[in-house]
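K.L.:
I'd like to ask some things about the structure below.
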Amino acid sequence: MSDSLNAPEAPRSAAADAAEPVSSHVPGVSVRQSRAKGEPRFPDGPKADPAGSHFERRIRSFQPRRSRVTAGQADALQRLWPKWGLDIDGQHVIDLGELFGNDKPVVLEIGFGMGEATAQMAAGDPDTNILAVDVHTPGQGNLLNLADQNGLSNVRVGNGDAIILLREMLRPDALDGLRVYFPDPWPKKRHHKRRLIQPEFLTLAATRLKPGAIVHCATDWEPYAEQMLEVLAAHPDFENTQADGGFSPRPEFRPLTRFEGQGLDKGHVVNDLLFRRVPHQQQ
C-alpha cells in the first residue's frame, strides 16, 4: 500500500546501501553493517531485481524506495522468506494451491506499505489467502514479521512487479479478488500515464480474475478517485457494486490505517471503489 498520506522517505545514501542485516538484533534498531561489493543484501531473502532484464522496459506505476531495514525486519526476511516469500521473476507459472498449501480463495493485494492493514485483514478472514505484492523491502520484512507474530498462515509476500506476476505467473481465473489501496497518485499531469488503474491494466487483471471476483480500490487523492471510477465504469469486464454507479462506503474488512486517520483528521476525503468481474458470457 503506497499510502499517499504518508510523507515520502528520504533517499538512501551510498553508505546506507552498503548495510547488511545481522542475525542478532535489538527490535527497532536499523541494520548498519558493511558487506562486500556484489554480495546479496539478504542471502536468503528477496532478490534485488527478480525479473532482471528478461522483460521489456516500460513505464512503471511504482517507484522503488530504498530505506533502512530494521534488524527485526531483516531477521524476518532471512528466516521467513524461503517459507512465505515469492520473487516475481516471470519465469514460471505459480500453483497457488501449492504456494498456500490449501485451495482457499486467493486475493491479490498490490502495494501494501508496511503491511499492518494486510495483517489485520488476514487475521479477520483466515479462510481467504492474501498474496501481497510490493517492492519496499522494509515493508516486506515488517509484514512477514507480523504474520509470524500473529500466526497468520494465509499470507504470502511477493517481491517485484505485479504486472509481470499477472501476465506471466498466474493462470486464467486464478484470483478471487484484487485490492489496490492508496496507490501512488502520480499527481503531476505528465505523470498520469504512470498510474496503475488504466484500461490496459484492467484488461490484464480481468483475465486472471474469476467471474464475480471483486476489484477493491481506495485512494485519498480525489482526482485519481474520479479517474478510477471513470476507467472502471467504462471497462466491459467490470460492473459497479453500487446501484447508483458511484463510490462505495468503506467496507468493514478494510482497516482504517493510522495514515488514513491522520488524513481524515486533516479533512482529506478517502474514496473506495468496489467493482465486480462480470461473467465471461457477458463480454
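We name chains A, B, ... following the order of the C-alpha cells; residues begin at 1 in each chain, and ligands are numbered from 1 as shown.
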Compile the contact shell of Leu274 in chain A as a list in words: residues with an atom at most 9 Å away, counting only C-alpha atoms, same-chain residues fewer than 6 positions apart removed.

P.N.:
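My reading of the contact set: Ile214, Val215, His216, Cys217, Ala218, Glu239, Asn240, Thr241, Gln242, Phe247 and Ser248 of chain A.
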
K.L.:
Using only C-alpha atoms, I'd like a table of the residues in range 62-180 of chain A that come within 6 Å of range 192-210 of chain A; for each, show the closest atom pair and its distance in Å rounded to one decimal, ordered by chain and ascending number, as a tab-separated table.

P.N.:
residue	atom	partner	partner_atom	distance
A:Pro172	CA	A:Arg208	CA	4.5
A:Asp173	CA	A:Lys210	CA	4.3
A:Ala174	CA	A:Arg208	CA	5.4
A:Leu175	CA	A:Leu209	CA	4.7
A:Asp176	CA	A:Lys210	CA	5.8

K.L.:
Please list as a PDB file with N, CA and C atoms, in the first residue's frame every residue within 9 Å of Ala162 in chain A, counting only C-alpha atoms and excluding residues in the same chain fewer than 2 positions away.

P.N.:
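out04.pdb was written with the following content:
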ATOM      1  N   ILE A  88       9.159 -12.401  -7.855  1.00  0.00           N
ATOM      2  CA  ILE A  88       8.413 -12.335  -9.112  1.00  0.00           C
ATOM      3  C   ILE A  88       9.420 -12.250 -10.254  1.00  0.00           C
ATOM      4  N   ILE A 110      -1.971  -5.403  -4.260  1.00  0.00           N
ATOM      5  CA  ILE A 110      -0.842  -4.741  -4.903  1.00  0.00           C
ATOM      6  C   ILE A 110      -0.504  -3.478  -4.122  1.00  0.00           C
ATOM      7  N   GLY A 111       0.676  -3.470  -3.522  1.00  0.00           N
ATOM      8  CA  GLY A 111       1.130  -2.331  -2.746  1.00  0.00           C
ATOM      9  C   GLY A 111       0.566  -2.349  -1.344  1.00  0.00           C
ATOM     10  N   VAL A 133       1.832  -8.029  -2.705  1.00  0.00           N
ATOM     11  CA  VAL A 133       2.993  -7.715  -3.545  1.00  0.00           C
ATOM     12  C   VAL A 133       3.435  -6.279  -3.313  1.00  0.00           C
ATOM     13  N   ASP A 134       4.739  -6.098  -3.147  1.00  0.00           N
ATOM     14  CA  ASP A 134       5.309  -4.762  -3.017  1.00  0.00           C
ATOM     15  C   ASP A 134       6.789  -4.845  -3.381  1.00  0.00           C
ATOM     16  N   GLY A 158       4.945 -11.192  -2.065  1.00  0.00           N
ATOM     17  CA  GLY A 158       5.580 -11.179  -3.372  1.00  0.00           C
ATOM     18  C   GLY A 158       6.489  -9.970  -3.525  1.00  0.00           C
ATOM     19  N   ASN A 159       7.634 -10.186  -4.136  1.00  0.00           N
ATOM     20  CA  ASN A 159       8.627  -9.132  -4.334  1.00  0.00           C
ATOM     21  C   ASN A 159       8.814  -8.891  -5.822  1.00  0.00           C
ATOM     22  N   GLY A 160       8.402  -7.689  -6.306  1.00  0.00           N
ATOM     23  CA  GLY A 160       8.620  -7.382  -7.704  1.00  0.00           C
ATOM     24  C   GLY A 160       7.424  -6.715  -8.349  1.00  0.00           C
ATOM     25  N   ILE A 164       4.139  -8.223 -14.126  1.00  0.00           N
ATOM     26  CA  ILE A 164       4.798  -9.467 -14.529  1.00  0.00           C
ATOM     27  C   ILE A 164       4.140 -10.651 -13.846  1.00  0.00           C
ATOM     28  N   LEU A 165       3.777 -10.484 -12.579  1.00  0.00           N
ATOM     29  CA  LEU A 165       3.072 -11.556 -11.867  1.00  0.00           C
ATOM     30  C   LEU A 165       1.777 -11.913 -12.578  1.00  0.00           C
ATOM     31  N   LEU A 166       0.964 -10.909 -12.882  1.00  0.00           N
ATOM     32  CA  LEU A 166      -0.324 -11.155 -13.531  1.00  0.00           C
ATOM     33  C   LEU A 166      -0.157 -11.754 -14.920  1.00  0.00           C
ATOM     34  N   ARG A 167       0.756 -11.207 -15.679  1.00  0.00           N
ATOM     35  CA  ARG A 167       0.877 -11.595 -17.085  1.00  0.00           C
ATOM     36  C   ARG A 167       1.583 -12.928 -17.285  1.00  0.00           C
TER      37      ARG A 167
END

K.L.:
To one decimal in Å, tell me the separation between CA of Gly115 in chain A and CA of Glu230 in chain A.

P.N.:
28.5 Å

K.L.:
Restricting the calculation to only C-alpha atoms, which member of A:Leu108, A:Leu256, A:Ala234, A:Ala213 is positioned closest to Phe275 in chain A?

P.N.:
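Smallest distance to Phe275 in chain A is found for A:Ala213.
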
K.L.:
Using only C-alpha atoms, pick whichever of A:Arg277, A:Lys104, A:Arg79, A:Arg156 has the shortest atom-to-atom distance to Leu131 in chain A.

P.N.:
A:Arg156

K.L.:
As a short mmCIF file (atom, residue, chain, number, x, y, z; two decimals) with all heavy atoms, in the first residue's frame, list the residues of range 55-217 of chain A assigned to alpha helix (DSSP H) by DSSP on the backbone atoms of this structure.

P.N.:
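For reference, result_10.cif as written:
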data_model
loop_
_atom_site.label_atom_id
_atom_site.label_comp_id
_atom_site.auth_asym_id
_atom_site.auth_seq_id
_atom_site.Cartn_x
_atom_site.Cartn_y
_atom_site.Cartn_z
N ALA A 71 16.67 -4.30 12.21
CA ALA A 71 17.21 -5.64 12.45
C ALA A 71 16.09 -6.67 12.57
O ALA A 71 16.23 -7.80 12.13
CB ALA A 71 18.06 -5.64 13.72
N GLY A 72 14.95 -6.26 13.15
CA GLY A 72 13.82 -7.18 13.25
C GLY A 72 13.26 -7.55 11.89
O GLY A 72 12.91 -8.70 11.63
N GLN A 73 13.16 -6.55 11.01
CA GLN A 73 12.68 -6.81 9.65
C GLN A 73 13.67 -7.69 8.89
O GLN A 73 13.27 -8.60 8.16
CB GLN A 73 12.47 -5.48 8.92
CG GLN A 73 11.34 -4.64 9.48
CD GLN A 73 11.42 -3.19 9.07
OE1 GLN A 73 12.33 -2.78 8.35
NE2 GLN A 73 10.46 -2.39 9.52
N ALA A 74 14.95 -7.40 9.06
CA ALA A 74 15.97 -8.20 8.39
C ALA A 74 15.94 -9.65 8.86
O ALA A 74 16.06 -10.59 8.07
CB ALA A 74 17.36 -7.60 8.65
N ASP A 75 15.74 -9.83 10.15
CA ASP A 75 15.66 -11.19 10.69
C ASP A 75 14.47 -11.94 10.10
O ASP A 75 14.57 -13.12 9.75
CB ASP A 75 15.54 -11.11 12.22
CG ASP A 75 15.36 -12.47 12.85
OD1 ASP A 75 16.33 -13.27 12.84
OD2 ASP A 75 14.25 -12.77 13.34
N ALA A 76 13.32 -11.24 9.98
CA ALA A 76 12.14 -11.87 9.39
C ALA A 76 12.38 -12.24 7.94
O ALA A 76 11.97 -13.31 7.48
CB ALA A 76 10.93 -10.94 9.52
N LEU A 77 13.04 -11.35 7.19
CA LEU A 77 13.35 -11.63 5.79
C LEU A 77 14.23 -12.87 5.66
O LEU A 77 14.02 -13.73 4.80
CB LEU A 77 14.02 -10.43 5.14
CG LEU A 77 13.12 -9.22 4.86
CD1 LEU A 77 13.96 -8.00 4.52
CD2 LEU A 77 12.15 -9.52 3.73
N GLN A 78 15.23 -12.96 6.51
CA GLN A 78 16.15 -14.10 6.45
C GLN A 78 15.46 -15.40 6.85
O GLN A 78 15.62 -16.44 6.20
CB GLN A 78 17.35 -13.84 7.37
CG GLN A 78 18.32 -12.80 6.85
CD GLN A 78 19.12 -13.32 5.67
OE1 GLN A 78 18.77 -13.04 4.52
NE2 GLN A 78 20.15 -14.07 5.92
N ARG A 79 14.66 -15.35 7.90
CA ARG A 79 14.04 -16.57 8.42
C ARG A 79 12.84 -17.04 7.61
O ARG A 79 12.64 -18.23 7.40
CB ARG A 79 13.59 -16.36 9.87
CG ARG A 79 14.66 -16.27 10.90
CD ARG A 79 14.09 -16.25 12.31
NE ARG A 79 13.17 -15.15 12.54
CZ ARG A 79 11.86 -15.26 12.63
NH1 ARG A 79 11.28 -16.44 12.51
NH2 ARG A 79 11.10 -14.20 12.87
N LEU A 80 12.02 -16.07 7.17
CA LEU A 80 10.71 -16.41 6.65
C LEU A 80 10.56 -16.33 5.15
O LEU A 80 9.60 -16.87 4.59
CB LEU A 80 9.65 -15.51 7.32
CG LEU A 80 9.59 -15.60 8.85
CD1 LEU A 80 8.69 -14.52 9.41
CD2 LEU A 80 9.11 -16.98 9.28
N TRP A 81 11.50 -15.63 4.47
CA TRP A 81 11.35 -15.53 3.02
C TRP A 81 11.34 -16.89 2.32
O TRP A 81 10.50 -17.12 1.43
CB TRP A 81 12.44 -14.63 2.43
CG TRP A 81 12.14 -14.29 1.00
CD1 TRP A 81 12.67 -14.87 -0.12
CD2 TRP A 81 11.20 -13.32 0.54
NE1 TRP A 81 12.13 -14.33 -1.25
CE2 TRP A 81 11.23 -13.37 -0.87
CE3 TRP A 81 10.36 -12.42 1.18
CZ2 TRP A 81 10.42 -12.54 -1.65
CZ3 TRP A 81 9.56 -11.59 0.41
CH2 TRP A 81 9.60 -11.67 -0.99
N PRO A 82 12.23 -17.82 2.67
CA PRO A 82 12.17 -19.12 1.99
C PRO A 82 10.83 -19.84 2.18
O PRO A 82 10.43 -20.65 1.34
CB PRO A 82 13.31 -19.91 2.66
CG PRO A 82 14.25 -18.86 3.16
CD PRO A 82 13.37 -17.73 3.61
N LYS A 83 10.12 -19.51 3.25
CA LYS A 83 8.85 -20.19 3.56
C LYS A 83 7.65 -19.44 2.99
O LYS A 83 6.73 -20.05 2.43
CB LYS A 83 8.71 -20.30 5.09
CG LYS A 83 7.42 -20.95 5.57
CD LYS A 83 7.40 -20.96 7.10
CE LYS A 83 6.10 -21.56 7.64
NZ LYS A 83 6.05 -21.50 9.13
N TRP A 84 7.64 -18.11 3.11
CA TRP A 84 6.46 -17.32 2.77
C TRP A 84 6.71 -16.27 1.69
O TRP A 84 5.80 -15.52 1.35
CB TRP A 84 5.92 -16.62 4.02
CG TRP A 84 5.26 -17.54 5.00
CD1 TRP A 84 4.74 -18.78 4.74
CD2 TRP A 84 5.03 -17.29 6.39
NE1 TRP A 84 4.20 -19.32 5.88
CE2 TRP A 84 4.36 -18.43 6.92
CE3 TRP A 84 5.30 -16.23 7.25
CZ2 TRP A 84 3.98 -18.51 8.25
CZ3 TRP A 84 4.93 -16.32 8.57
CH2 TRP A 84 4.28 -17.44 9.07
N LEU A 96 -1.11 -21.72 -7.06
CA LEU A 96 -1.48 -21.04 -5.82
C LEU A 96 -1.85 -22.01 -4.71
O LEU A 96 -1.60 -21.74 -3.53
CB LEU A 96 -2.63 -20.07 -6.08
CG LEU A 96 -2.29 -18.85 -6.96
CD1 LEU A 96 -3.54 -18.02 -7.23
CD2 LEU A 96 -1.22 -17.99 -6.29
N GLY A 97 -2.44 -23.14 -5.07
CA GLY A 97 -2.73 -24.15 -4.06
C GLY A 97 -1.46 -24.66 -3.40
O GLY A 97 -1.42 -24.88 -2.19
N GLU A 98 -0.43 -24.83 -4.20
CA GLU A 98 0.85 -25.28 -3.65
C GLU A 98 1.51 -24.18 -2.85
O GLU A 98 2.11 -24.42 -1.80
CB GLU A 98 1.77 -25.72 -4.80
CG GLU A 98 3.11 -26.26 -4.35
CD GLU A 98 3.95 -26.73 -5.53
OE1 GLU A 98 3.36 -27.18 -6.53
OE2 GLU A 98 5.19 -26.63 -5.44
N LEU A 99 1.40 -22.94 -3.33
CA LEU A 99 2.02 -21.81 -2.63
C LEU A 99 1.45 -21.65 -1.22
O LEU A 99 2.20 -21.41 -0.26
CB LEU A 99 1.80 -20.52 -3.43
CG LEU A 99 2.40 -19.24 -2.86
CD1 LEU A 99 3.92 -19.28 -2.87
CD2 LEU A 99 1.89 -18.03 -3.62
N PHE A 100 0.14 -21.79 -1.09
CA PHE A 100 -0.50 -21.60 0.22
C PHE A 100 -0.73 -22.91 0.97
O PHE A 100 -1.04 -22.88 2.16
CB PHE A 100 -1.84 -20.87 0.05
CG PHE A 100 -1.69 -19.40 -0.25
CD1 PHE A 100 -1.69 -18.94 -1.55
CD2 PHE A 100 -1.56 -18.49 0.79
CE1 PHE A 100 -1.56 -17.58 -1.82
CE2 PHE A 100 -1.44 -17.13 0.52
CZ PHE A 100 -1.44 -16.67 -0.79
N GLU A 116 0.56 -3.42 7.89
CA GLU A 116 -0.32 -3.52 9.06
C GLU A 116 -1.76 -3.85 8.66
O GLU A 116 -2.39 -4.72 9.26
CB GLU A 116 -0.30 -2.22 9.87
CG GLU A 116 1.02 -1.93 10.56
CD GLU A 116 1.88 -0.97 9.76
OE1 GLU A 116 1.67 -0.86 8.52
OE2 GLU A 116 2.78 -0.34 10.35
N ALA A 117 -2.27 -3.15 7.65
CA ALA A 117 -3.66 -3.41 7.22
C ALA A 117 -3.80 -4.81 6.63
O ALA A 117 -4.80 -5.49 6.87
CB ALA A 117 -4.09 -2.35 6.21
N THR A 118 -2.80 -5.24 5.88
CA THR A 118 -2.82 -6.59 5.30
C THR A 118 -2.90 -7.64 6.39
O THR A 118 -3.68 -8.59 6.30
CB THR A 118 -1.57 -6.81 4.43
OG1 THR A 118 -1.47 -5.77 3.48
CG2 THR A 118 -1.63 -8.16 3.73
N ALA A 119 -2.08 -7.48 7.42
CA ALA A 119 -2.09 -8.44 8.53
C ALA A 119 -3.44 -8.45 9.24
O ALA A 119 -3.95 -9.52 9.61
CB ALA A 119 -0.96 -8.11 9.51
N GLN A 120 -4.04 -7.28 9.42
CA GLN A 120 -5.35 -7.22 10.07
C GLN A 120 -6.42 -7.92 9.24
O GLN A 120 -7.26 -8.65 9.77
CB GLN A 120 -5.76 -5.76 10.31
CG GLN A 120 -4.96 -5.05 11.38
CD GLN A 120 -5.47 -3.63 11.60
OE1 GLN A 120 -6.65 -3.40 11.86
NE2 GLN A 120 -4.57 -2.66 11.50
N MET A 121 -6.39 -7.71 7.92
CA MET A 121 -7.37 -8.36 7.06
C MET A 121 -7.16 -9.87 7.04
O MET A 121 -8.13 -10.64 7.01
CB MET A 121 -7.31 -7.78 5.65
CG MET A 121 -7.83 -6.36 5.57
SD MET A 121 -7.94 -5.69 3.88
CE MET A 121 -6.19 -5.48 3.50
N ALA A 122 -5.92 -10.31 7.05
CA ALA A 122 -5.63 -11.75 7.08
C ALA A 122 -6.12 -12.38 8.37
O ALA A 122 -6.68 -13.48 8.38
CB ALA A 122 -4.13 -11.98 6.90
N ALA A 123 -5.93 -11.67 9.49
CA ALA A 123 -6.39 -12.19 10.78
C ALA A 123 -7.91 -12.22 10.84
O ALA A 123 -8.50 -13.13 11.43
CB ALA A 123 -5.83 -11.33 11.91
N GLY A 124 -8.57 -11.24 10.23
CA GLY A 124 -10.02 -11.15 10.27
C GLY A 124 -10.72 -12.12 9.34
O GLY A 124 -11.92 -12.38 9.51
N THR A 137 11.41 -3.14 0.62
CA THR A 137 12.00 -4.19 1.45
C THR A 137 11.63 -4.08 2.93
O THR A 137 11.28 -5.10 3.55
CB THR A 137 13.53 -4.21 1.28
OG1 THR A 137 13.84 -4.21 -0.11
CG2 THR A 137 14.14 -5.43 1.94
N PRO A 138 11.69 -2.91 3.56
CA PRO A 138 11.28 -2.85 4.97
C PRO A 138 9.83 -3.30 5.18
O PRO A 138 9.53 -3.98 6.16
CB PRO A 138 11.45 -1.36 5.32
CG PRO A 138 12.48 -0.87 4.37
CD PRO A 138 12.22 -1.61 3.09
N GLY A 139 8.94 -2.94 4.24
CA GLY A 139 7.55 -3.37 4.36
C GLY A 139 7.42 -4.87 4.22
O GLY A 139 6.62 -5.51 4.93
N GLN A 140 8.19 -5.46 3.31
CA GLN A 140 8.16 -6.92 3.16
C GLN A 140 8.57 -7.60 4.46
O GLN A 140 7.91 -8.54 4.92
CB GLN A 140 9.09 -7.34 2.03
CG GLN A 140 8.65 -6.87 0.65
CD GLN A 140 9.74 -7.02 -0.39
OE1 GLN A 140 10.90 -7.33 -0.07
NE2 GLN A 140 9.40 -6.80 -1.65
N GLY A 141 9.64 -7.10 5.07
CA GLY A 141 10.09 -7.68 6.33
C GLY A 141 9.09 -7.47 7.44
O GLY A 141 8.87 -8.36 8.27
N ASN A 142 8.47 -6.29 7.47
CA ASN A 142 7.51 -6.00 8.53
C ASN A 142 6.27 -6.88 8.42
O ASN A 142 5.77 -7.39 9.43
CB ASN A 142 7.10 -4.52 8.46
CG ASN A 142 6.51 -4.02 9.76
OD1 ASN A 142 7.14 -4.08 10.81
ND2 ASN A 142 5.28 -3.54 9.70
N LEU A 143 5.78 -7.09 7.18
CA LEU A 143 4.60 -7.94 7.02
C LEU A 143 4.92 -9.39 7.38
O LEU A 143 4.11 -10.07 8.03
CB LEU A 143 4.08 -7.86 5.58
CG LEU A 143 2.87 -8.74 5.26
CD1 LEU A 143 1.72 -8.52 6.23
CD2 LEU A 143 2.39 -8.49 3.82
N LEU A 144 6.08 -9.87 6.98
CA LEU A 144 6.47 -11.23 7.37
C LEU A 144 6.54 -11.36 8.89
O LEU A 144 6.10 -12.37 9.46
CB LEU A 144 7.82 -11.58 6.75
CG LEU A 144 7.83 -11.86 5.25
CD1 LEU A 144 9.26 -11.95 4.74
CD2 LEU A 144 7.08 -13.13 4.92
N ASN A 145 7.07 -10.34 9.54
CA ASN A 145 7.19 -10.36 10.99
C ASN A 145 5.80 -10.36 11.64
O ASN A 145 5.55 -11.12 12.59
CB ASN A 145 7.99 -9.13 11.45
CG ASN A 145 8.65 -9.34 12.80
OD1 ASN A 145 8.85 -10.47 13.25
ND2 ASN A 145 8.99 -8.26 13.46
N LEU A 146 4.89 -9.53 11.13
CA LEU A 146 3.53 -9.50 11.66
C LEU A 146 2.82 -10.84 11.47
O LEU A 146 2.12 -11.32 12.37
CB LEU A 146 2.73 -8.38 10.98
CG LEU A 146 3.11 -6.95 11.34
CD1 LEU A 146 2.41 -5.97 10.40
CD2 LEU A 146 2.76 -6.64 12.79
N ALA A 147 2.99 -11.42 10.29
CA ALA A 147 2.36 -12.72 10.02
C ALA A 147 2.89 -13.78 10.98
O ALA A 147 2.12 -14.60 11.52
CB ALA A 147 2.62 -13.14 8.58
N ASP A 148 4.18 -13.74 11.23
CA ASP A 148 4.81 -14.71 12.13
C ASP A 148 4.32 -14.51 13.56
O ASP A 148 3.92 -15.47 14.24
CB ASP A 148 6.32 -14.57 12.04
CG ASP A 148 7.07 -15.64 12.81
OD1 ASP A 148 6.62 -16.81 12.82
OD2 ASP A 148 8.12 -15.33 13.40
N GLN A 149 4.33 -13.28 14.02
CA GLN A 149 3.94 -12.99 15.40
C GLN A 149 2.48 -13.33 15.68
O GLN A 149 2.13 -13.71 16.80
CB GLN A 149 4.19 -11.51 15.71
CG GLN A 149 5.65 -11.11 15.77
CD GLN A 149 5.84 -9.62 15.97
OE1 GLN A 149 4.89 -8.84 15.93
NE2 GLN A 149 7.08 -9.20 16.18
N ALA A 162 4.02 -6.34 -10.13
CA ALA A 162 2.73 -7.05 -10.17
C ALA A 162 2.26 -7.30 -11.59
O ALA A 162 1.51 -8.26 -11.83
CB ALA A 162 1.68 -6.25 -9.39
N ILE A 163 2.66 -6.47 -12.53
CA ILE A 163 2.27 -6.69 -13.92
C ILE A 163 2.88 -7.99 -14.43
O ILE A 163 2.21 -8.80 -15.10
CB ILE A 163 2.71 -5.52 -14.82
CG1 ILE A 163 2.06 -4.22 -14.37
CG2 ILE A 163 2.39 -5.81 -16.29
CD1 ILE A 163 0.57 -4.18 -14.50
N ILE A 164 4.14 -8.22 -14.13
CA ILE A 164 4.80 -9.47 -14.53
C ILE A 164 4.14 -10.65 -13.85
O ILE A 164 3.94 -11.71 -14.46
CB ILE A 164 6.31 -9.40 -14.23
CG1 ILE A 164 6.97 -8.36 -15.13
CG2 ILE A 164 6.97 -10.77 -14.42
CD1 ILE A 164 8.45 -8.14 -14.85
N PRO A 199 -7.02 1.34 -18.41
CA PRO A 199 -7.74 0.29 -19.14
C PRO A 199 -6.89 -0.94 -19.44
O PRO A 199 -7.38 -2.08 -19.31
CB PRO A 199 -8.16 1.00 -20.44
CG PRO A 199 -8.26 2.44 -20.06
CD PRO A 199 -7.16 2.66 -19.05
N GLU A 200 -5.63 -0.76 -19.80
CA GLU A 200 -4.77 -1.90 -20.14
C GLU A 200 -4.55 -2.79 -18.93
O GLU A 200 -4.55 -4.02 -19.04
CB GLU A 200 -3.43 -1.41 -20.70
CG GLU A 200 -3.53 -0.62 -21.98
CD GLU A 200 -3.93 0.84 -21.77
OE1 GLU A 200 -4.03 1.27 -20.58
OE2 GLU A 200 -4.16 1.53 -22.76
N PHE A 201 -4.35 -2.18 -17.77
CA PHE A 201 -4.16 -2.96 -16.55
C PHE A 201 -5.41 -3.75 -16.22
O PHE A 201 -5.35 -4.94 -15.86
CB PHE A 201 -3.78 -2.05 -15.38
CG PHE A 201 -3.82 -2.75 -14.05
CD1 PHE A 201 -2.79 -3.60 -13.68
CD2 PHE A 201 -4.89 -2.58 -13.18
CE1 PHE A 201 -2.83 -4.28 -12.46
CE2 PHE A 201 -4.93 -3.23 -11.96
CZ PHE A 201 -3.89 -4.10 -11.61
N LEU A 202 -6.57 -3.12 -16.33
CA LEU A 202 -7.82 -3.81 -16.01
C LEU A 202 -8.09 -4.97 -16.97
O LEU A 202 -8.60 -6.01 -16.56
CB LEU A 202 -8.98 -2.82 -16.03
CG LEU A 202 -8.95 -1.74 -14.95
CD1 LEU A 202 -10.08 -0.76 -15.16
CD2 LEU A 202 -9.03 -2.37 -13.56
N THR A 203 -7.73 -4.80 -18.22
CA THR A 203 -7.91 -5.88 -19.20
C THR A 203 -7.05 -7.08 -18.82
O THR A 203 -7.49 -8.24 -18.88
CB THR A 203 -7.55 -5.39 -20.61
OG1 THR A 203 -8.47 -4.35 -20.98
CG2 THR A 203 -7.64 -6.52 -21.62
N LEU A 204 -5.80 -6.81 -18.41
CA LEU A 204 -4.93 -7.90 -17.95
C LEU A 204 -5.48 -8.54 -16.69
O LEU A 204 -5.58 -9.77 -16.59
CB LEU A 204 -3.52 -7.36 -17.71
CG LEU A 204 -2.53 -8.32 -17.04
CD1 LEU A 204 -2.31 -9.56 -17.90
CD2 LEU A 204 -1.20 -7.60 -16.76
N ALA A 205 -5.84 -7.73 -15.71
CA ALA A 205 -6.35 -8.26 -14.45
C ALA A 205 -7.60 -9.10 -14.66
O ALA A 205 -7.78 -10.14 -14.00
CB ALA A 205 -6.64 -7.12 -13.48
N ALA A 206 -8.46 -8.69 -15.59
CA ALA A 206 -9.71 -9.42 -15.84
C ALA A 206 -9.45 -10.86 -16.27
O ALA A 206 -10.24 -11.75 -15.97
CB ALA A 206 -10.54 -8.69 -16.88
N THR A 207 -8.34 -11.09 -16.98
CA THR A 207 -8.03 -12.45 -17.43
C THR A 207 -7.65 -13.37 -16.27
O THR A 207 -7.72 -14.59 -16.40
CB THR A 207 -6.88 -12.45 -18.45
OG1 THR A 207 -5.67 -12.02 -17.81
CG2 THR A 207 -7.19 -11.53 -19.63
N ARG A 208 -7.26 -12.81 -15.16
CA ARG A 208 -6.82 -13.61 -14.00
C ARG A 208 -7.85 -13.66 -12.89
O ARG A 208 -7.67 -14.38 -11.90
CB ARG A 208 -5.51 -13.04 -13.46
CG ARG A 208 -4.38 -12.96 -14.48
CD ARG A 208 -4.07 -14.33 -15.07
NE ARG A 208 -2.94 -14.33 -15.99
CZ ARG A 208 -3.02 -14.57 -17.28
NH1 ARG A 208 -4.22 -14.81 -17.83
NH2 ARG A 208 -1.95 -14.58 -18.05
#

K.L.:
Name the closest residue to Arg68 in chain A among the candidates A:Arg258, A:His136, A:Arg179, A:Arg276; distances are taken between atoms, counting only C-alpha atoms.

P.N.:
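Using only C-alpha atoms, Arg68 in chain A sits closest to A:His136.
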
K.L.:
What does the structure give for the distance between CA of Asp272 in chain A and CA of Pro185 in chain A, in Å to one decimal?

P.N.:
14.4 Å

K.L.:
What does the structure give for the distance between CA of Pro105 in chain A and CA of Asn154 in chain A, in Å to one decimal?

P.N.:
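Computed distance, CA of Pro105 in chain A to CA of Asn154 in chain A, equals 10.1 Å.
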